[in-house]
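The data block below is start.txt; it holds compact mmCIF, C-alpha atoms and all ligand atoms.
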```txt
# COMPACT_ATOMS: atom_id res chain seq x y z
CA MET A 1164 -65.30 63.08 -14.51
CA THR A 1165 -67.04 59.90 -15.66
CA ALA A 1166 -65.90 58.46 -19.00
CA PRO A 1167 -68.52 58.62 -21.75
CA THR A 1168 -70.38 55.32 -22.13
CA THR A 1169 -72.55 53.84 -24.86
CA LEU A 1170 -74.36 51.63 -22.37
CA GLY A 1171 -77.10 54.21 -21.76
CA THR A 1172 -78.94 54.63 -18.45
CA ARG A 1173 -79.13 51.38 -16.53
CA PRO A 1174 -82.77 50.18 -16.62
CA ARG A 1175 -84.37 49.51 -13.23
CA HIS A 1176 -86.33 46.50 -14.54
CA LEU A 1177 -86.16 43.84 -17.22
CA LEU A 1178 -89.76 43.81 -18.45
CA ASP A 1179 -88.91 43.74 -22.17
CA PHE A 1180 -86.04 45.20 -24.22
CA ALA A 1181 -87.52 48.64 -24.83
CA HIS A 1182 -84.98 50.54 -22.70
CA TRP A 1183 -82.00 48.24 -23.28
CA THR A 1184 -79.27 49.39 -25.67
CA PRO A 1185 -77.36 46.84 -27.80
CA GLU A 1186 -74.21 47.73 -25.83
CA ARG A 1187 -75.86 47.02 -22.49
CA LEU A 1188 -77.34 43.77 -23.79
CA THR A 1189 -73.90 42.72 -25.03
CA ALA A 1190 -72.41 43.57 -21.61
CA LEU A 1191 -75.07 41.40 -20.02
CA LEU A 1192 -74.18 38.45 -22.27
CA ASP A 1193 -70.45 39.03 -21.64
CA ASN A 1194 -71.10 38.91 -17.90
CA ALA A 1195 -72.95 35.60 -18.36
CA ASP A 1196 -69.59 34.15 -19.47
CA THR A 1197 -68.18 35.09 -16.06
CA MET A 1198 -71.20 33.56 -14.31
CA SER A 1199 -70.75 30.41 -16.35
CA GLN A 1200 -67.19 30.14 -15.00
CA VAL A 1201 -68.58 30.41 -11.45
CA LEU A 1202 -70.91 27.49 -12.22
CA ASP A 1203 -67.93 25.40 -13.38
CA ARG A 1204 -66.11 25.81 -10.04
CA PRO A 1205 -66.21 23.12 -7.32
CA VAL A 1206 -67.96 25.66 -5.04
CA ARG A 1207 -70.65 27.31 -7.16
CA LYS A 1208 -71.33 30.31 -4.96
CA VAL A 1209 -70.38 33.99 -4.84
CA PRO A 1210 -71.44 36.63 -2.29
CA ALA A 1211 -72.74 39.20 -4.84
CA LEU A 1212 -76.35 39.33 -3.57
CA GLN A 1213 -75.65 38.69 0.13
CA GLY A 1214 -78.22 40.47 2.30
CA LEU A 1215 -80.79 40.79 -0.51
CA THR A 1216 -84.12 38.94 -0.68
CA VAL A 1217 -85.45 37.88 -4.08
CA CYS A 1218 -89.04 36.70 -4.55
CA THR A 1219 -90.01 34.37 -7.38
CA ALA A 1220 -93.71 35.15 -7.83
CA PHE A 1221 -95.17 32.59 -10.23
CA PHE A 1222 -98.85 32.86 -11.13
CA GLU A 1223 -98.44 30.31 -13.93
CA ASN A 1224 -96.58 26.98 -14.06
CA SER A 1225 -92.90 26.76 -14.91
CA THR A 1226 -90.03 24.31 -14.60
CA ARG A 1227 -86.98 25.89 -16.25
CA THR A 1228 -87.49 29.57 -15.52
CA ARG A 1229 -88.45 29.19 -11.86
CA VAL A 1230 -85.79 26.60 -10.96
CA SER A 1231 -82.99 28.40 -12.81
CA PHE A 1232 -83.87 31.79 -11.28
CA GLU A 1233 -84.02 30.31 -7.78
CA LEU A 1234 -80.68 28.58 -8.27
CA ALA A 1235 -79.20 31.72 -9.84
CA ALA A 1236 -80.23 33.87 -6.86
CA ARG A 1237 -79.00 31.27 -4.33
CA ARG A 1238 -75.68 30.83 -6.13
CA MET A 1239 -75.21 34.58 -5.62
CA SER A 1240 -76.06 34.24 -1.88
CA ALA A 1241 -79.48 35.96 -1.97
CA ASP A 1242 -82.30 34.81 0.29
CA VAL A 1243 -85.06 33.43 -1.95
CA VAL A 1244 -88.76 33.35 -1.18
CA SER A 1245 -90.92 31.33 -3.53
CA PHE A 1246 -94.50 32.53 -3.98
CA ALA A 1247 -96.74 29.93 -5.64
CA ALA A 1248 -100.10 31.40 -6.65
CA GLY A 1249 -101.94 28.06 -6.37
CA ALA A 1250 -101.12 27.77 -2.66
CA SER A 1251 -101.74 31.43 -1.80
CA SER A 1252 -104.60 33.64 -0.58
CA LEU A 1253 -105.33 34.59 -4.21
CA SER A 1254 -107.77 31.64 -4.05
CA LYS A 1255 -109.65 33.60 -1.35
CA GLY A 1256 -110.01 36.61 -3.63
CA GLU A 1257 -106.92 38.64 -2.66
CA SER A 1258 -105.90 40.97 -5.48
CA LEU A 1259 -102.53 41.12 -7.25
CA ARG A 1260 -101.92 44.54 -5.72
CA ASP A 1261 -102.63 43.41 -2.13
CA THR A 1262 -100.54 40.28 -2.66
CA VAL A 1263 -97.55 42.32 -3.85
CA GLU A 1264 -97.94 44.83 -1.03
CA VAL A 1265 -97.91 41.97 1.52
CA LEU A 1266 -94.75 40.47 0.03
CA THR A 1267 -93.07 43.88 -0.14
CA ALA A 1268 -93.85 44.41 3.58
CA TYR A 1269 -91.62 41.37 4.24
CA LYS A 1270 -88.71 43.36 2.78
CA VAL A 1271 -88.43 41.71 -0.62
CA ASP A 1272 -85.75 43.54 -2.65
CA ALA A 1273 -86.63 42.28 -6.14
CA TYR A 1274 -89.33 40.28 -7.92
CA ILE A 1275 -89.20 37.68 -10.65
CA VAL A 1276 -92.72 37.48 -12.04
CA ARG A 1277 -94.53 35.04 -14.29
CA HIS A 1278 -98.21 35.69 -15.00
CA PRO A 1279 -100.74 34.57 -17.62
CA ALA A 1280 -101.82 38.20 -18.22
CA SER A 1281 -99.76 40.47 -20.50
CA GLY A 1282 -98.59 43.52 -18.55
CA ALA A 1283 -98.74 41.88 -15.09
CA ALA A 1284 -94.99 42.30 -14.50
CA HIS A 1285 -95.38 46.06 -15.14
CA LEU A 1286 -98.10 46.15 -12.48
CA VAL A 1287 -95.86 44.37 -9.96
CA ALA A 1288 -93.15 46.96 -10.67
CA ARG A 1289 -95.65 49.74 -9.97
CA TYR A 1290 -97.15 48.16 -6.84
CA SER A 1291 -93.84 47.12 -5.28
CA GLY A 1292 -91.51 49.96 -6.28
CA LYS A 1293 -88.78 47.28 -6.52
CA PRO A 1294 -86.78 45.97 -9.51
CA VAL A 1295 -88.85 43.41 -11.45
CA ILE A 1296 -87.71 40.77 -13.92
CA ASN A 1297 -90.42 39.55 -16.26
CA ALA A 1298 -90.30 35.74 -16.31
CA GLY A 1299 -93.07 35.58 -18.94
CA ASP A 1300 -96.30 37.59 -19.09
CA GLY A 1301 -99.11 36.26 -21.26
CA ARG A 1302 -98.19 36.42 -24.93
CA ARG A 1303 -96.16 39.60 -24.50
CA ALA A 1304 -92.58 39.02 -23.39
CA HIS A 1305 -90.14 36.50 -21.91
CA PRO A 1306 -86.91 38.47 -22.03
CA THR A 1307 -84.61 36.11 -20.10
CA GLN A 1308 -85.58 33.24 -22.44
CA ALA A 1309 -84.59 35.38 -25.43
CA LEU A 1310 -81.34 36.34 -23.71
CA LEU A 1311 -80.41 32.72 -23.09
CA ASP A 1312 -81.34 31.90 -26.69
CA ALA A 1313 -79.08 34.73 -27.92
CA TYR A 1314 -76.33 33.59 -25.55
CA THR A 1315 -76.56 30.01 -26.85
CA ILE A 1316 -76.36 31.17 -30.49
CA ARG A 1317 -73.45 33.50 -29.69
CA GLN A 1318 -71.63 30.69 -27.91
CA GLU A 1319 -71.84 28.67 -31.13
CA PHE A 1320 -70.96 31.34 -33.70
CA GLY A 1321 -69.00 33.90 -31.64
CA SER A 1322 -71.38 36.75 -32.55
CA LEU A 1323 -74.98 37.33 -33.63
CA GLU A 1324 -73.92 39.84 -36.28
CA GLY A 1325 -75.10 38.80 -39.75
CA LEU A 1326 -76.75 35.56 -38.64
CA THR A 1327 -80.24 34.42 -39.65
CA VAL A 1328 -82.52 32.83 -37.06
CA ALA A 1329 -85.70 31.01 -38.15
CA ILE A 1330 -88.45 30.70 -35.52
CA ILE A 1331 -91.17 28.25 -36.51
CA GLY A 1332 -94.48 27.45 -34.88
CA ASP A 1333 -97.20 29.09 -32.84
CA ILE A 1334 -95.94 32.66 -33.18
CA ARG A 1335 -99.33 34.14 -32.22
CA HIS A 1336 -99.27 32.87 -28.65
CA SER A 1337 -95.51 33.02 -28.14
CA ARG A 1338 -93.91 35.54 -25.82
CA VAL A 1339 -90.60 33.83 -26.66
CA ALA A 1340 -91.01 34.69 -30.35
CA ARG A 1341 -91.86 38.31 -29.51
CA SER A 1342 -88.89 38.74 -27.19
CA ASN A 1343 -86.51 37.13 -29.67
CA ALA A 1344 -87.90 39.31 -32.48
CA GLU A 1345 -87.16 42.33 -30.31
CA LEU A 1346 -83.74 41.22 -29.05
CA LEU A 1347 -81.93 39.41 -31.88
CA PRO A 1348 -82.01 42.31 -34.40
CA LYS A 1349 -80.60 44.61 -31.68
CA LEU A 1350 -77.62 42.24 -31.63
CA GLY A 1351 -77.24 42.19 -35.42
CA ALA A 1352 -79.21 39.07 -36.43
CA ARG A 1353 -82.11 38.75 -38.88
CA VAL A 1354 -85.23 36.94 -37.68
CA ARG A 1355 -87.65 34.97 -39.86
CA LEU A 1356 -90.93 34.14 -38.13
CA CYS A 1357 -92.86 31.26 -39.68
CA GLY A 1358 -96.13 29.47 -39.03
CA PRO A 1359 -99.59 28.86 -40.46
CA ALA A 1360 -101.30 32.17 -41.35
CA THR A 1361 -103.68 31.80 -38.39
CA LEU A 1362 -100.72 31.68 -35.99
CA LEU A 1363 -98.64 34.44 -37.62
CA PRO A 1364 -99.74 37.98 -36.63
CA ALA A 1365 -98.97 40.36 -39.52
CA ASP A 1366 -98.07 43.29 -37.21
CA LEU A 1367 -94.79 41.59 -36.25
CA ALA A 1368 -93.45 42.37 -39.75
CA ALA A 1369 -93.15 46.00 -38.63
CA LEU A 1370 -90.30 45.13 -36.26
CA PRO A 1371 -86.84 46.04 -37.64
CA GLY A 1372 -84.89 43.01 -38.89
CA VAL A 1373 -87.96 40.72 -38.85
CA THR A 1374 -89.70 39.04 -41.80
CA LEU A 1375 -92.69 36.70 -41.86
CA THR A 1376 -93.42 33.68 -44.01
CA THR A 1377 -95.88 30.81 -43.99
CA ASP A 1378 -93.37 28.62 -45.86
CA PRO A 1379 -91.06 26.72 -43.49
CA ARG A 1380 -88.54 25.96 -46.26
CA GLU A 1381 -88.22 29.65 -47.07
CA ALA A 1382 -87.79 30.39 -43.36
CA VAL A 1383 -85.06 27.83 -42.84
CA ARG A 1384 -83.11 28.30 -46.10
CA GLY A 1385 -79.61 29.48 -45.15
CA ALA A 1386 -80.53 29.92 -41.47
CA HIS A 1387 -77.83 29.52 -38.82
CA ALA A 1388 -80.26 28.67 -36.02
CA VAL A 1389 -83.71 27.07 -36.25
CA MET A 1390 -85.99 27.42 -33.26
CA ALA A 1391 -89.15 25.32 -32.93
CA LEU A 1392 -91.90 26.70 -30.72
CA ARG A 1393 -94.40 24.76 -28.64
CA LEU A 1394 -97.94 24.62 -29.99
CA GLN A 1395 -99.76 26.28 -27.10
CA GLN A 1396 -102.93 24.22 -27.26
CA GLU A 1397 -104.10 25.56 -23.86
CA ARG A 1398 -104.32 29.05 -25.44
CA MET A 1399 -106.14 27.85 -28.60
CA ALA A 1400 -109.90 27.66 -28.22
CA GLY A 1401 -110.40 26.09 -31.65
CA GLY A 1402 -110.17 27.44 -35.18
CA TYR A 1403 -106.43 27.98 -35.53
CA LEU A 1404 -105.46 24.61 -37.00
CA ALA A 1405 -107.28 22.06 -39.16
CA SER A 1406 -105.54 19.23 -37.27
CA LEU A 1407 -102.36 18.60 -35.32
CA GLN A 1408 -101.28 16.00 -37.88
CA GLU A 1409 -101.60 18.53 -40.68
CA TYR A 1410 -99.55 21.00 -38.64
CA ALA A 1411 -96.83 18.38 -38.07
CA ASP A 1412 -96.83 17.42 -41.76
CA HIS A 1413 -96.12 21.03 -42.84
CA TYR A 1414 -94.30 22.74 -39.98
CA GLN A 1415 -92.49 20.14 -37.88
CA VAL A 1416 -88.78 20.84 -37.47
CA ASN A 1417 -87.34 17.52 -38.62
CA GLY A 1418 -84.35 16.18 -40.54
CA ALA A 1419 -85.81 16.98 -43.97
CA LEU A 1420 -86.52 20.62 -43.08
CA LEU A 1421 -83.15 21.03 -41.40
CA ARG A 1422 -81.33 20.05 -44.58
CA GLU A 1423 -82.46 23.42 -46.03
CA ALA A 1424 -80.57 25.29 -43.29
CA GLU A 1425 -76.95 26.42 -43.36
CA ALA A 1426 -74.41 23.62 -42.82
CA GLY A 1427 -73.64 23.65 -39.09
CA ALA A 1428 -76.99 25.19 -38.17
CA ILE A 1429 -78.12 24.60 -34.61
CA VAL A 1430 -81.59 23.68 -33.34
CA LEU A 1431 -83.26 25.40 -30.40
CA HIS A 1432 -86.51 24.95 -28.48
CA PRO A 1433 -87.43 27.03 -25.42
CA GLY A 1434 -89.34 24.08 -23.90
CA PRO A 1435 -91.47 22.42 -22.84
CA MET A 1436 -91.53 20.34 -26.04
CA ASN A 1437 -94.36 18.44 -27.70
CA ARG A 1438 -92.08 15.77 -29.13
CA ASP A 1439 -92.97 14.61 -32.65
CA LEU A 1440 -95.44 17.47 -33.05
CA GLU A 1441 -93.51 20.74 -33.51
CA ILE A 1442 -90.12 18.96 -33.45
CA SER A 1443 -89.14 15.39 -34.27
CA SER A 1444 -87.51 13.43 -31.48
CA ASP A 1445 -84.47 12.57 -33.61
CA VAL A 1446 -83.77 16.28 -34.21
CA ALA A 1447 -84.49 17.23 -30.57
CA ASP A 1448 -81.93 14.65 -29.45
CA GLY A 1449 -79.61 14.96 -32.48
CA GLU A 1450 -76.16 16.44 -32.81
CA GLN A 1451 -77.40 19.82 -34.05
CA SER A 1452 -79.65 20.23 -31.02
CA ARG A 1453 -78.63 22.79 -28.40
CA ILE A 1454 -81.82 22.41 -26.36
CA LEU A 1455 -80.15 21.18 -23.18
CA ARG A 1456 -77.40 23.78 -23.67
CA GLN A 1457 -80.15 26.43 -23.61
CA VAL A 1458 -81.36 25.02 -20.28
CA GLU A 1459 -77.81 25.02 -18.88
CA ASN A 1460 -77.14 28.57 -20.11
CA GLY A 1461 -80.35 29.81 -18.48
CA GLN A 1462 -78.75 29.76 -15.06
CA ALA A 1463 -75.67 31.82 -16.02
CA VAL A 1464 -77.73 34.31 -18.02
CA ARG A 1465 -80.19 34.78 -15.14
CA MET A 1466 -77.30 35.28 -12.69
CA SER A 1467 -76.02 37.98 -15.02
CA VAL A 1468 -79.44 39.68 -15.17
CA LEU A 1469 -79.77 39.64 -11.36
CA TYR A 1470 -76.25 41.04 -11.01
CA HIS A 1471 -76.90 43.73 -13.57
CA LEU A 1472 -80.12 44.93 -11.94
CA LEU A 1473 -79.26 44.55 -8.25
CA VAL A 1474 -75.54 45.02 -7.65
CA GLY A 1475 -74.24 48.52 -7.23
CA ARG A 1476 -77.64 50.15 -6.73
CA GLU A 1477 -78.51 52.31 -3.74
N1 LIG B 1 -89.06 28.15 -21.53
C1 LIG B 1 -89.79 28.28 -20.41
O1 LIG B 1 -90.24 29.36 -20.05
O2 LIG B 1 -89.98 27.10 -19.72
P1 LIG B 1 -90.77 26.97 -18.36
O3 LIG B 1 -92.23 27.24 -18.65
O4 LIG B 1 -90.53 25.54 -17.90
O5 LIG B 1 -90.23 27.97 -17.39
```
When written as structure tokens, how does the structure in this file appear?
Amino acid sequence: MTAPTTLGTRPRHLLDFAHWTPERLTALLDNADTMSQVLDRPVRKVPALQGLTVCTAFFENSTRTRVSFELAARRMSADVVSFAAGASSLSKGESLRDTVEVLTAYKVDAYIVRHPASGAAHLVARYSGKPVINAGDGRRAHPTQALLDAYTIRQEFGSLEGLTVAIIGDIRHSRVARSNAELLPKLGARVRLCGPATLLPADLAALPGVTLTTDPREAVRGAHAVMALRLQQERMAGGYLASLQEYADHYQVNGALLREAEAGAIVLHPGPMNRDLEISSDVADGEQSRILRQVENGQAVRMSVLYHLLVGRE
């Protein structure tokens, strides 16, 4: 007889956190510690995914997510095929469905998908019938970024339980903010989302453990982690901000704002950064910054996600 477990049914995909229990998410972060130890060895390779083929299908640009997923899969001995939309037959009018069916015919076992349209990763899951990891879809979700953010905070404080995390910036266009607002309260943290009213959708206040404010000082007061978000100017067709300078004057994460936070607070940014716009360079490079630690942790966390979804399945 199998022992009772609080992990719940193992999800087939990581599209968002809807079907992920706190216990399973904690197990995933615990396993990232083991992966981190693998990355500290002289030979950074384990055979866990030997014989499997993982496709990184990126329909939108990326540096961190694509490189860290490809390294993560290779470190676990998977074959990796990299699909770059810009160099593909999509430019000749081939649909997403036909593209996925072609790739699946080459015996791809799992997909890692980034796409500018919200919901695209769900479509790839449906068209391929294979496990899919959402590497960022439109404004909707970027679950592995939130997991590596949670992992970085946990590494610092030992647990997320009872912590306050302030997320400041372009909340409206941020899949990172949405995924963190979904994940961090499941792990026991409170989330304060902050930005100008035009970039702060009121519906996010309905999420458990999440509050909204347009006042950055209120957001940061007593916070244990302060995350600055990139101003996504490519998704803003005018009207959201009076000027970038005005935004920086009120919302930039800088030394003065950080003094309102808890002593020992850490600073995060998912990247890429607009230095001296949403975050001052001295804070980005300062001793409270864990921005490069986030990047480093991305690899171990993504190894853990791949392991969790692919190892031990039929
Ligand atoms: N944080 C993040 O998703 O970065 P990339 O766009 O470089 O992958």
Within 7 Å of ligand LIG 1 (chain B), which residues show up when you count only C-alpha atoms and all ligand atoms? List them as a PyMOL selection string, please. chain A and resi 1224-1229+1299+1308+1433-1435
Between A:Gln1200, A:Thr1262, A:Ser1342, A:Ser1322, smallest distance to A:Asn1297 by only C-alpha atoms belongs to A:Ser1342
If we count all atoms listed in the file and set the cut-off at 10 Å, which residues sit around A:Arg1353, ignoring sequence neighbours fewer than 6 positions away in its own chain? Please answer as an MDAnalysis selection string. chainID A and resid 1323:1329 1344 1347 1371:1374 1386
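Going from atom CA of A:Ser1254 over to atom CA of A:Ala1280, you cover 16.7 Å.
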Pick the closest to A:His1278 from A:Thr1219, A:Gln1462, A:Gln1457, A:Ser1199: which is it, counting only C-alpha atoms?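 Of A:Thr1219, A:Gln1462, A:Gln1457, A:Ser1199, the one nearest A:His1278, counting only C-alpha atoms, is A:Thr1219.
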One-decimal distance in Å that lies between atom CA of A:Leu1178 and atom CA of A:Asp1261: 20.8 Å
